[in-house]
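Below: model.pdb (PDB, C-alpha atoms, pLDDT in the B column)
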```pdb
ATOM      1  CA  MET S   1     -12.026 -78.591-176.102  1.00 72.00           C
ATOM      2  CA  THR S   2     -12.469 -76.080-178.849  1.00 83.00           C
ATOM      3  CA  LEU S   3     -10.193 -73.195-179.651  1.00 80.00           C
ATOM      4  CA  THR S   4     -12.750 -70.747-178.249  1.00 79.00           C
ATOM      5  CA  ASP S   5     -12.773 -72.591-174.926  1.00 80.00           C
ATOM      6  CA  LEU S   6      -8.984 -72.590-174.785  1.00 80.00           C
ATOM      7  CA  ALA S   7      -8.831 -68.870-175.492  1.00 77.00           C
ATOM      8  CA  LEU S   8     -11.630 -67.918-173.106  1.00 83.00           C
ATOM      9  CA  TYR S   9     -10.908 -70.187-170.145  1.00 88.00           C
ATOM     10  CA  ILE S  10      -7.117 -70.601-170.165  1.00 89.00           C
ATOM     11  CA  ILE S  11      -5.324 -67.895-172.155  1.00 91.00           C
ATOM     12  CA  LEU S  12      -7.446 -64.904-171.143  1.00 93.00           C
ATOM     13  CA  PRO S  13      -7.203 -65.676-167.371  1.00 93.00           C
ATOM     14  CA  ILE S  14      -3.416 -66.078-167.648  1.00 93.00           C
ATOM     15  CA  LEU S  15      -3.154 -62.703-169.369  1.00 93.00           C
ATOM     16  CA  SER S  16      -5.486 -61.144-166.798  1.00 94.00           C
ATOM     17  CA  VAL S  17      -3.262 -62.336-163.946  1.00 94.00           C
ATOM     18  CA  ALA S  18      -0.254 -60.916-165.817  1.00 93.00           C
ATOM     19  CA  LEU S  19      -2.136 -57.625-166.136  1.00 94.00           C
ATOM     20  CA  ILE S  20      -2.788 -57.586-162.383  1.00 94.00           C
ATOM     21  CA  LEU S  21       0.933 -58.142-161.740  1.00 93.00           C
ATOM     22  CA  ALA S  22       1.740 -55.223-164.052  1.00 92.00           C
ATOM     23  CA  VAL S  23      -0.755 -53.004-162.218  1.00 94.00           C
ATOM     24  CA  SER S  24       0.867 -53.926-158.898  1.00 93.00           C
ATOM     25  CA  ARG S  25       4.218 -52.723-160.266  1.00 91.00           C
ATOM     26  CA  LEU S  26       2.525 -49.576-161.571  1.00 92.00           C
ATOM     27  CA  ILE S  27       1.205 -48.810-158.087  1.00 92.00           C
ATOM     28  CA  ARG S  28       4.327 -49.807-156.119  1.00 88.00           C
ATOM     29  CA  GLY S  29       6.667 -47.773-158.204  1.00 77.00           C
ATOM     30  CA  PRO S  30       9.266 -47.023-156.618  1.00 84.00           C
ATOM     31  CA  LYS S  31      10.369 -44.401-159.184  1.00 84.00           C
ATOM     32  CA  MET S  32       8.738 -42.850-162.233  1.00 87.00           C
ATOM     33  CA  PRO S  33      10.676 -44.917-164.834  1.00 88.00           C
ATOM     34  CA  ASP S  34       9.426 -48.122-163.181  1.00 90.00           C
ATOM     35  CA  ARG S  35       5.874 -46.928-163.643  1.00 91.00           C
ATOM     36  CA  VAL S  36       6.524 -46.138-167.296  1.00 90.00           C
ATOM     37  CA  VAL S  37       7.871 -49.666-167.803  1.00 91.00           C
ATOM     38  CA  ALA S  38       4.775 -51.098-166.113  1.00 92.00           C
ATOM     39  CA  LEU S  39       2.506 -48.972-168.317  1.00 92.00           C
ATOM     40  CA  ASP S  40       4.332 -50.119-171.439  1.00 91.00           C
ATOM     41  CA  LEU S  41       3.913 -53.711-170.292  1.00 92.00           C
ATOM     42  CA  MET S  42       0.206 -53.157-169.703  1.00 93.00           C
ATOM     43  CA  VAL S  43      -0.332 -51.867-173.227  1.00 93.00           C
ATOM     44  CA  THR S  44       1.550 -54.830-174.692  1.00 93.00           C
ATOM     45  CA  LEU S  45      -0.522 -57.221-172.575  1.00 93.00           C
ATOM     46  CA  GLY S  46      -3.589 -55.412-173.876  1.00 93.00           C
ATOM     47  CA  MET S  47      -2.452 -56.175-177.422  1.00 93.00           C
ATOM     48  CA  GLY S  48      -2.234 -59.845-176.479  1.00 93.00           C
ATOM     49  CA  LEU S  49      -5.689 -59.728-174.904  1.00 93.00           C
ATOM     50  CA  ILE S  50      -7.147 -58.204-178.052  1.00 93.00           C
ATOM     51  CA  ALA S  51      -5.501 -60.853-180.233  1.00 92.00           C
ATOM     52  CA  VAL S  52      -6.895 -63.655-178.054  1.00 92.00           C
ATOM     53  CA  TYR S  53     -10.314 -62.036-178.009  1.00 92.00           C
ATOM     54  CA  ALA S  54     -10.271 -61.797-181.800  1.00 92.00           C
ATOM     55  CA  ILE S  55      -9.664 -65.551-181.986  1.00 91.00           C
ATOM     56  CA  ALA S  56     -12.290 -66.332-179.322  1.00 90.00           C
ATOM     57  CA  THR S  57     -15.033 -64.326-181.031  1.00 90.00           C
ATOM     58  CA  ASP S  58     -13.906 -64.974-184.654  1.00 89.00           C
ATOM     59  CA  GLN S  59     -13.862 -61.230-185.328  1.00 89.00           C
ATOM     60  CA  ALA S  60     -10.811 -60.356-187.403  1.00 87.00           C
ATOM     61  CA  VAL S  61     -11.468 -56.609-187.090  1.00 90.00           C
ATOM     62  CA  PHE S  62      -9.916 -56.521-183.619  1.00 91.00           C
ATOM     63  CA  LEU S  63      -6.441 -56.988-185.084  1.00 91.00           C
ATOM     64  CA  ASP S  64      -6.505 -53.379-186.307  1.00 91.00           C
ATOM     65  CA  VAL S  65      -7.073 -52.232-182.741  1.00 92.00           C
ATOM     66  CA  ALA S  66      -3.951 -54.130-181.670  1.00 91.00           C
ATOM     67  CA  THR S  67      -1.948 -52.413-184.427  1.00 92.00           C
ATOM     68  CA  VAL S  68      -3.116 -48.959-183.400  1.00 93.00           C
ATOM     69  CA  LEU S  69      -2.373 -49.814-179.763  1.00 92.00           C
ATOM     70  CA  ALA S  70       1.194 -50.731-180.728  1.00 91.00           C
ATOM     71  CA  LEU S  71       1.654 -47.380-182.497  1.00 92.00           C
ATOM     72  CA  ILE S  72       0.224 -45.371-179.602  1.00 93.00           C
ATOM     73  CA  SER S  73       2.218 -47.337-177.028  1.00 92.00           C
ATOM     74  CA  PHE S  74       5.493 -46.515-178.759  1.00 92.00           C
ATOM     75  CA  LEU S  75       4.611 -42.823-179.008  1.00 93.00           C
ATOM     76  CA  GLY S  76       3.537 -42.694-175.368  1.00 92.00           C
ATOM     77  CA  THR S  77       6.647 -44.428-174.060  1.00 91.00           C
ATOM     78  CA  THR S  78       8.907 -42.177-176.120  1.00 91.00           C
ATOM     79  CA  ALA S  79       7.110 -39.078-174.867  1.00 92.00           C
ATOM     80  CA  PHE S  80       7.392 -40.280-171.267  1.00 89.00           C
ATOM     81  CA  ALA S  81      11.109 -40.939-171.701  1.00 88.00           C
ATOM     82  CA  TYR S  82      11.675 -37.445-173.082  1.00 88.00           C
ATOM     83  CA  TYR S  83       9.664 -35.949-170.249  1.00 87.00           C
ATOM     84  CA  LEU S  84      11.598 -37.917-167.636  1.00 84.00           C
ATOM     85  CA  GLN S  85      14.950 -36.910-169.054  1.00 81.00           C
ATOM     86  CA  ARG S  86      14.114 -33.223-169.323  1.00 78.00           C
ATOM     87  CA  ARG S  87      12.640 -32.775-165.858  1.00 68.00           C
ATOM     88  CA  PRO S  88      15.233 -33.022-163.119  1.00 60.00           C
ATOM     89  CA  GLU S  89      12.845 -33.516-160.203  1.00 56.00           C
ATOM     90  CA  ALA S  90       9.695 -35.546-159.482  1.00 50.00           C
TER
ATOM     91  CA  MET F   1      -3.867 -77.564-194.121  1.00 56.00           C
ATOM     92  CA  SER F   2      -6.971 -79.065-192.634  1.00 65.00           C
ATOM     93  CA  ILE F   3      -9.112 -77.258-190.089  1.00 68.00           C
ATOM     94  CA  GLU F   4      -7.879 -79.405-187.207  1.00 84.00           C
ATOM     95  CA  THR F   5      -4.227 -78.804-187.987  1.00 87.00           C
ATOM     96  CA  ALA F   6      -4.775 -75.043-188.208  1.00 85.00           C
ATOM     97  CA  ASP F   7      -6.601 -75.063-184.883  1.00 88.00           C
ATOM     98  CA  LEU F   8      -3.828 -77.076-183.288  1.00 89.00           C
ATOM     99  CA  VAL F   9      -1.137 -74.683-184.542  1.00 91.00           C
ATOM    100  CA  THR F  10      -3.181 -71.723-183.314  1.00 90.00           C
ATOM    101  CA  ALA F  11      -3.616 -73.311-179.883  1.00 91.00           C
ATOM    102  CA  VAL F  12       0.101 -74.071-179.559  1.00 92.00           C
ATOM    103  CA  LEU F  13       1.034 -70.527-180.596  1.00 93.00           C
ATOM    104  CA  LEU F  14      -1.460 -69.091-178.100  1.00 92.00           C
ATOM    105  CA  VAL F  15      -0.120 -71.189-175.227  1.00 93.00           C
ATOM    106  CA  ILE F  16       3.512 -70.309-176.001  1.00 94.00           C
ATOM    107  CA  GLY F  17       2.609 -66.611-176.283  1.00 94.00           C
ATOM    108  CA  ALA F  18       0.676 -66.639-173.009  1.00 93.00           C
ATOM    109  CA  PHE F  19       3.607 -68.358-171.288  1.00 94.00           C
ATOM    110  CA  PHE F  20       6.113 -65.731-172.435  1.00 94.00           C
ATOM    111  CA  MET F  21       3.822 -62.827-171.535  1.00 94.00           C
ATOM    112  CA  PHE F  22       3.171 -64.260-168.092  1.00 94.00           C
ATOM    113  CA  VAL F  23       6.898 -64.769-167.489  1.00 94.00           C
ATOM    114  CA  GLY F  24       7.495 -61.147-168.487  1.00 93.00           C
ATOM    115  CA  ALA F  25       4.852 -59.894-166.059  1.00 92.00           C
ATOM    116  CA  VAL F  26       6.326 -62.007-163.240  1.00 93.00           C
ATOM    117  CA  GLY F  27       9.743 -60.606-164.093  1.00 92.00           C
ATOM    118  CA  VAL F  28       8.467 -57.045-163.814  1.00 91.00           C
ATOM    119  CA  VAL F  29       7.210 -57.768-160.313  1.00 91.00           C
ATOM    120  CA  ARG F  30      10.142 -59.867-159.067  1.00 90.00           C
ATOM    121  CA  MET F  31      13.247 -58.249-160.586  1.00 88.00           C
ATOM    122  CA  PRO F  32      15.220 -56.006-158.214  1.00 88.00           C
ATOM    123  CA  ASP F  33      15.945 -52.893-160.297  1.00 88.00           C
ATOM    124  CA  LEU F  34      14.672 -50.877-163.254  1.00 88.00           C
ATOM    125  CA  PHE F  35      17.052 -52.233-165.859  1.00 88.00           C
ATOM    126  CA  MET F  36      16.333 -55.868-165.093  1.00 89.00           C
ATOM    127  CA  ARG F  37      12.599 -55.191-165.141  1.00 89.00           C
ATOM    128  CA  MET F  38      12.997 -53.528-168.522  1.00 90.00           C
ATOM    129  CA  SER F  39      14.885 -56.524-169.830  1.00 88.00           C
ATOM    130  CA  ALA F  40      12.027 -58.787-168.708  1.00 85.00           C
ATOM    131  CA  THR F  41       9.320 -56.755-170.445  1.00 86.00           C
ATOM    132  CA  THR F  42      11.249 -55.950-173.580  1.00 89.00           C
ATOM    133  CA  LYS F  43      12.424 -59.412-174.494  1.00 91.00           C
ATOM    134  CA  SER F  44       9.880 -61.806-173.069  1.00 92.00           C
ATOM    135  CA  VAL F  45       6.683 -59.857-173.608  1.00 92.00           C
ATOM    136  CA  THR F  46       7.641 -58.783-177.136  1.00 93.00           C
ATOM    137  CA  LEU F  47       8.179 -62.413-178.092  1.00 94.00           C
ATOM    138  CA  GLY F  48       4.906 -63.381-176.405  1.00 94.00           C
ATOM    139  CA  VAL F  49       2.835 -60.802-178.242  1.00 94.00           C
ATOM    140  CA  SER F  50       4.421 -61.838-181.530  1.00 94.00           C
ATOM    141  CA  PHE F  51       3.320 -65.415-180.910  1.00 94.00           C
ATOM    142  CA  MET F  52      -0.201 -64.173-180.212  1.00 93.00           C
ATOM    143  CA  LEU F  53      -0.328 -62.154-183.428  1.00 94.00           C
ATOM    144  CA  ALA F  54       1.054 -65.125-185.339  1.00 94.00           C
ATOM    145  CA  ALA F  55      -1.763 -67.185-183.842  1.00 92.00           C
ATOM    146  CA  VAL F  56      -4.284 -64.646-185.171  1.00 93.00           C
ATOM    147  CA  ALA F  57      -2.676 -64.835-188.619  1.00 93.00           C
ATOM    148  CA  VAL F  58      -2.840 -68.653-188.641  1.00 92.00           C
ATOM    149  CA  HIS F  59      -6.378 -68.774-187.299  1.00 90.00           C
ATOM    150  CA  PHE F  60      -7.996 -66.476-189.845  1.00 89.00           C
ATOM    151  CA  ASN F  61      -5.875 -67.658-192.781  1.00 86.00           C
ATOM    152  CA  GLU F  62      -6.373 -64.632-195.045  1.00 89.00           C
ATOM    153  CA  LEU F  63      -3.715 -62.831-197.006  1.00 92.00           C
ATOM    154  CA  GLY F  64      -4.692 -59.296-195.975  1.00 91.00           C
ATOM    155  CA  LEU F  65      -5.038 -60.148-192.329  1.00 91.00           C
ATOM    156  CA  GLY F  66      -1.856 -62.164-192.221  1.00 91.00           C
ATOM    157  CA  SER F  67       0.188 -59.400-193.779  1.00 93.00           C
ATOM    158  CA  ARG F  68      -1.244 -56.917-191.286  1.00 93.00           C
ATOM    159  CA  ALA F  69      -0.379 -59.240-188.419  1.00 92.00           C
ATOM    160  CA  ILE F  70       3.163 -59.661-189.719  1.00 93.00           C
ATOM    161  CA  ALA F  71       3.503 -55.885-190.153  1.00 93.00           C
ATOM    162  CA  THR F  72       2.431 -55.435-186.533  1.00 93.00           C
ATOM    163  CA  ILE F  73       4.953 -58.057-185.381  1.00 94.00           C
ATOM    164  CA  VAL F  74       7.740 -56.297-187.282  1.00 95.00           C
ATOM    165  CA  PHE F  75       6.673 -52.937-185.864  1.00 94.00           C
ATOM    166  CA  VAL F  76       6.709 -54.274-182.301  1.00 93.00           C
ATOM    167  CA  PHE F  77      10.098 -55.886-182.839  1.00 93.00           C
ATOM    168  CA  ILE F  78      11.513 -52.584-184.110  1.00 93.00           C
ATOM    169  CA  THR F  79       9.990 -50.238-181.555  1.00 92.00           C
ATOM    170  CA  ALA F  80      10.243 -52.248-178.316  1.00 91.00           C
ATOM    171  CA  PRO F  81      14.066 -52.019-178.092  1.00 92.00           C
ATOM    172  CA  ILE F  82      13.964 -48.316-178.998  1.00 93.00           C
ATOM    173  CA  ALA F  83      11.415 -47.562-176.288  1.00 91.00           C
ATOM    174  CA  ALA F  84      13.339 -49.628-173.728  1.00 91.00           C
ATOM    175  CA  HIS F  85      16.568 -47.866-174.664  1.00 91.00           C
ATOM    176  CA  MET F  86      14.957 -44.456-174.164  1.00 91.00           C
ATOM    177  CA  ILE F  87      13.465 -45.375-170.785  1.00 90.00           C
ATOM    178  CA  GLY F  88      16.782 -46.850-169.705  1.00 89.00           C
ATOM    179  CA  ARG F  89      18.617 -43.696-170.710  1.00 87.00           C
ATOM    180  CA  ALA F  90      16.118 -41.513-168.872  1.00 86.00           C
ATOM    181  CA  GLY F  91      16.346 -43.801-165.841  1.00 86.00           C
ATOM    182  CA  TYR F  92      20.134 -43.636-165.790  1.00 84.00           C
ATOM    183  CA  ALA F  93      20.010 -39.866-166.190  1.00 82.00           C
ATOM    184  CA  ARG F  94      17.648 -39.734-163.231  1.00 79.00           C
ATOM    185  CA  GLN F  95      20.121 -41.889-161.307  1.00 77.00           C
ATOM    186  CA  VAL F  96      17.798 -44.752-160.583  1.00 78.00           C
ATOM    187  CA  GLU F  97      19.304 -46.996-157.950  1.00 79.00           C
ATOM    188  CA  LEU F  98      21.098 -50.058-159.285  1.00 81.00           C
ATOM    189  CA  TRP F  99      20.789 -53.450-157.675  1.00 81.00           C
ATOM    190  CA  HIS F 100      23.482 -54.029-155.029  1.00 81.00           C
ATOM    191  CA  GLY F 101      24.759 -57.065-156.909  1.00 80.00           C
ATOM    192  CA  THR F 102      25.337 -55.192-160.186  1.00 79.00           C
ATOM    193  CA  ILE F 103      28.769 -56.090-161.561  1.00 81.00           C
ATOM    194  CA  ALA F 104      29.107 -53.750-164.557  1.00 78.00           C
ATOM    195  CA  ASP F 105      28.328 -50.044-164.808  1.00 77.00           C
ATOM    196  CA  GLU F 106      30.501 -48.697-167.575  1.00 75.00           C
ATOM    197  CA  LEU F 107      29.130 -45.172-167.276  1.00 74.00           C
ATOM    198  CA  ARG F 108      30.060 -44.844-163.616  1.00 75.00           C
ATOM    199  CA  GLY F 109      32.188 -41.749-163.136  1.00 72.00           C
ATOM    200  CA  ARG F 110      31.785 -40.745-166.769  1.00 74.00           C
ATOM    201  CA  TYR F 111      28.340 -39.225-166.629  1.00 75.00           C
ATOM    202  CA  ASP F 112      27.617 -35.810-165.170  1.00 73.00           C
ATOM    203  CA  PRO F 113      24.008 -35.852-163.933  1.00 69.00           C
ATOM    204  CA  GLU F 114      23.957 -32.042-163.531  1.00 70.00           C
ATOM    205  CA  THR F 115      24.651 -31.224-167.160  1.00 70.00           C
ATOM    206  CA  GLY F 116      23.859 -34.572-168.767  1.00 68.00           C
ATOM    207  CA  GLU F 117      27.341 -34.640-170.269  1.00 73.00           C
ATOM    208  CA  LEU F 118      29.327 -37.757-170.997  1.00 75.00           C
ATOM    209  CA  ILE F 119      32.973 -37.489-170.061  1.00 75.00           C
ATOM    210  CA  SER F 120      35.506 -39.568-171.918  1.00 74.00           C
ATOM    211  CA  LYS F 121      38.428 -40.614-169.765  1.00 69.00           C
ATOM    212  CA  PRO F 122      41.708 -42.181-170.828  1.00 62.00           C
ATOM    213  CA  PRO F 123      41.600 -45.958-170.586  1.00 62.00           C
ATOM    214  CA  VAL F 124      41.988 -46.996-166.978  1.00 62.00           C
ATOM    215  CA  HIS F 125      43.896 -49.945-165.689  1.00 62.00           C
ATOM    216  CA  HIS F 126      42.141 -52.439-163.518  1.00 61.00           C
ATOM    217  CA  PRO F 127      44.830 -53.632-161.135  1.00 56.00           C
ATOM    218  CA  GLU F 128      42.357 -55.852-159.329  1.00 57.00           C
ATOM    219  CA  ARG F 129      41.692 -57.770-162.531  1.00 56.00           C
ATOM    220  CA  LEU F 130      45.338 -58.436-163.392  1.00 52.00           C
ATOM    221  CA  PRO F 131      46.902 -61.626-162.088  1.00 53.00           C
ATOM    222  CA  SER F 132      49.169 -60.769-159.192  1.00 50.00           C
ATOM    223  CA  ASP F 133      52.767 -61.933-159.472  1.00 51.00           C
ATOM    224  CA  GLY F 134      53.460 -61.481-155.794  1.00 50.00           C
ATOM    225  CA  THR F 135      56.326 -58.961-156.144  1.00 49.00           C
ATOM    226  CA  ASP F 136      54.465 -55.833-155.047  1.00 47.00           C
TER
END
```
Rendering of file as structure tokens:
Amino acid sequence: MTLTDLALYIILPILSVALILAVSRLIRGPKMPDRVVALDLMVTLGMGLIAVYAIATDQAVFLDVATVLALISFLGTTAFAYYLQRRPEA
Amino acid sequence: MSIETADLVTAVLLVIGAFFMFVGAVGVVRMPDLFMRMSATTKSVTLGVSFMLAAVAVHFNELGLGSRAIATIVFVFITAPIAAHMIGRAGYARQVELWHGTIADELRGRYDPETGELISKPPVHHPERLPSDGTD
């Protein structure tokens, strides 16, 4: 079994199932902060997916995408937290 | 390091990372309240993604790429607790329901949700925690 096989047939499916679990929490809720946590988790799982895909396809360029995703995820979560704390309702 | 050894290390790092990320996702679905869910994502998934990025660094074996991967790991390790702290604060301010089995809430009674003010009280005694001597 080569590394590409491992990445494509074992690691990527595991991460995809994890992503589905995160989406189920995003839909179920129950409150807004729970959804923000689920969204944060989804972005982090996306970083993992990109890293695995970079190994599977031997394309090192994808790592930069993961870095940018990390930056944007932090900004987005911080903005959501501010928004949640400022708005009393919803 | 020979090619086989590098591949083996990469595979092990990938499997460990996938395990931690999957555990984090299960935790987000199964945990009973917001703060426990946050603890699952922040700790487990951060560690998992670091293993994945380390696997990328080992696999490609270049100086520039490895340093970028390590910079990303450091960035994630710095920002994940900050983001979790901010969501937790916002959640507490919004008075998210705590799990019924929660045993410690040190802000209870000291936080005014109307104004967002923290009230400092004089230290309180916990008579239920003191050993009873049977005289009262």
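Counting all atoms listed in the file, every residue of chain S that comes within 7 Å of chain F is listed here: Leu3, Ile11, Ile14, Leu15, Ala18, Leu21, Ala22, Arg25, Pro33, Asp34, Val37, Leu41, Gly48, Ala51, Ile55, Thr67, Ala70, Phe74, Thr77, Thr78, Ala81, Leu84 and Gln85 of chain S.
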Write out as a ChimeraX atom specification which residues come within 10 Å of S:Ala56 when counting all atoms listed in the file, dropping same-chain ones fewer than 6 positions away.
-> /S:2-8,12,50
Export of the given selection (C-alpha atoms) as a PDB file, in the coordinates of the input:
```pdb
ATOM      1  CA  THR S   2     -12.469 -76.080-178.849  1.00 83.00           C
ATOM      2  CA  LEU S   3     -10.193 -73.195-179.651  1.00 80.00           C
ATOM      3  CA  THR S   4     -12.750 -70.747-178.249  1.00 79.00           C
ATOM      4  CA  ASP S   5     -12.773 -72.591-174.926  1.00 80.00           C
ATOM      5  CA  LEU S   6      -8.984 -72.590-174.785  1.00 80.00           C
ATOM      6  CA  ALA S   7      -8.831 -68.870-175.492  1.00 77.00           C
ATOM      7  CA  LEU S   8     -11.630 -67.918-173.106  1.00 83.00           C
ATOM      8  CA  LEU S  12      -7.446 -64.904-171.143  1.00 93.00           C
ATOM      9  CA  ILE S  50      -7.147 -58.204-178.052  1.00 93.00           C
TER      10      ILE S  50
END
```
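Of the residues under consideration (F:Leu63, F:Leu118, F:Val58, F:Leu47), F:Leu47 shows the shortest atom-to-atom contact distance to F:Phe77 when counting all atoms listed in the file.
Relative to atom CA of F:Arg108, atom CA of S:Arg35 is found at 24.3 Å.
We find atom CA of S:Gly29 and atom CA of F:Met31 to be spaced 12.6 Å apart.
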Can you tell me how far atom CA of S:Val23 sits from atom CA of S:Leu39, in Å to one decimal?
-> 8.0 Å
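Ranking S:Thr44, S:Ser24, S:Arg86, S:Asp58 by their shortest atom-to-atom distance to S:Leu71, with all atoms listed in the file included, puts S:Thr44 first.
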Show me, as AutoDock Vina command-line options, the centre and edge lengths in Å to one decimal of the axis-aligned box that covers every listed atom of stretch 90-96 of chain F with 5 Å on each side.
```
--center_x 18.1 --center_y -42.2 --center_z -164.7 --size_x 14.0 --size_y 15.0 --size_z 18.3
```
Please supply stretch 66-85 of chain S, rebuilt with N, CA and C atoms, as a PDB file, keeping the file's coordinate frame.
```pdb
ATOM      1  N   ALA S  66      -5.257 -53.782-182.220  1.00 91.00           N
ATOM      2  CA  ALA S  66      -3.951 -54.130-181.670  1.00 91.00           C
ATOM      3  C   ALA S  66      -2.851 -53.338-182.366  1.00 91.00           C
ATOM      4  N   THR S  67      -2.959 -53.178-183.690  1.00 92.00           N
ATOM      5  CA  THR S  67      -1.948 -52.413-184.427  1.00 92.00           C
ATOM      6  C   THR S  67      -1.895 -50.967-183.958  1.00 92.00           C
ATOM      7  N   VAL S  68      -3.069 -50.365-183.835  1.00 93.00           N
ATOM      8  CA  VAL S  68      -3.116 -48.959-183.400  1.00 93.00           C
ATOM      9  C   VAL S  68      -2.568 -48.829-181.988  1.00 93.00           C
ATOM     10  N   LEU S  69      -2.870 -49.830-181.138  1.00 92.00           N
ATOM     11  CA  LEU S  69      -2.373 -49.814-179.763  1.00 92.00           C
ATOM     12  C   LEU S  69      -0.847 -49.865-179.752  1.00 92.00           C
ATOM     13  N   ALA S  70      -0.271 -50.662-180.662  1.00 91.00           N
ATOM     14  CA  ALA S  70       1.194 -50.731-180.728  1.00 91.00           C
ATOM     15  C   ALA S  70       1.780 -49.374-181.094  1.00 91.00           C
ATOM     16  N   LEU S  71       1.166 -48.704-182.084  1.00 92.00           N
ATOM     17  CA  LEU S  71       1.654 -47.380-182.497  1.00 92.00           C
ATOM     18  C   LEU S  71       1.580 -46.393-181.341  1.00 92.00           C
ATOM     19  N   ILE S  72       0.421 -46.352-180.670  1.00 93.00           N
ATOM     20  CA  ILE S  72       0.224 -45.371-179.602  1.00 93.00           C
ATOM     21  C   ILE S  72       1.153 -45.663-178.426  1.00 93.00           C
ATOM     22  N   SER S  73       1.352 -46.963-178.152  1.00 92.00           N
ATOM     23  CA  SER S  73       2.218 -47.337-177.028  1.00 92.00           C
ATOM     24  C   SER S  73       3.637 -46.828-177.253  1.00 92.00           C
ATOM     25  N   PHE S  74       4.133 -46.985-178.485  1.00 92.00           N
ATOM     26  CA  PHE S  74       5.493 -46.515-178.759  1.00 92.00           C
ATOM     27  C   PHE S  74       5.585 -45.002-178.592  1.00 92.00           C
ATOM     28  N   LEU S  75       4.592 -44.290-179.143  1.00 93.00           N
ATOM     29  CA  LEU S  75       4.611 -42.823-179.008  1.00 93.00           C
ATOM     30  C   LEU S  75       4.576 -42.408-177.545  1.00 93.00           C
ATOM     31  N   GLY S  76       3.687 -43.066-176.775  1.00 92.00           N
ATOM     32  CA  GLY S  76       3.537 -42.694-175.368  1.00 92.00           C
ATOM     33  C   GLY S  76       4.807 -42.944-174.578  1.00 92.00           C
ATOM     34  N   THR S  77       5.429 -44.114-174.799  1.00 91.00           N
ATOM     35  CA  THR S  77       6.647 -44.428-174.060  1.00 91.00           C
ATOM     36  C   THR S  77       7.759 -43.447-174.411  1.00 91.00           C
ATOM     37  N   THR S  78       7.883 -43.129-175.707  1.00 91.00           N
ATOM     38  CA  THR S  78       8.907 -42.177-176.120  1.00 91.00           C
ATOM     39  C   THR S  78       8.677 -40.814-175.483  1.00 91.00           C
ATOM     40  N   ALA S  79       7.416 -40.379-175.467  1.00 92.00           N
ATOM     41  CA  ALA S  79       7.110 -39.078-174.867  1.00 92.00           C
ATOM     42  C   ALA S  79       7.430 -39.084-173.374  1.00 92.00           C
ATOM     43  N   PHE S  80       7.086 -40.176-172.699  1.00 89.00           N
ATOM     44  CA  PHE S  80       7.392 -40.280-171.267  1.00 89.00           C
ATOM     45  C   PHE S  80       8.893 -40.224-171.029  1.00 89.00           C
ATOM     46  N   ALA S  81       9.659 -40.917-171.889  1.00 88.00           N
ATOM     47  CA  ALA S  81      11.109 -40.939-171.701  1.00 88.00           C
ATOM     48  C   ALA S  81      11.689 -39.542-171.875  1.00 88.00           C
ATOM     49  N   TYR S  82      11.210 -38.821-172.898  1.00 88.00           N
ATOM     50  CA  TYR S  82      11.675 -37.445-173.082  1.00 88.00           C
ATOM     51  C   TYR S  82      11.374 -36.595-171.854  1.00 88.00           C
ATOM     52  N   TYR S  83      10.125 -36.730-171.395  1.00 87.00           N
ATOM     53  CA  TYR S  83       9.664 -35.949-170.249  1.00 87.00           C
ATOM     54  C   TYR S  83      10.503 -36.253-169.005  1.00 87.00           C
ATOM     55  N   LEU S  84      10.811 -37.533-168.815  1.00 84.00           N
ATOM     56  CA  LEU S  84      11.598 -37.917-167.636  1.00 84.00           C
ATOM     57  C   LEU S  84      13.012 -37.372-167.721  1.00 84.00           C
ATOM     58  N   GLN S  85      13.568 -37.347-168.941  1.00 81.00           N
ATOM     59  CA  GLN S  85      14.950 -36.910-169.054  1.00 81.00           C
ATOM     60  C   GLN S  85      15.072 -35.392-168.937  1.00 81.00           C
TER      61      GLN S  85
END
```
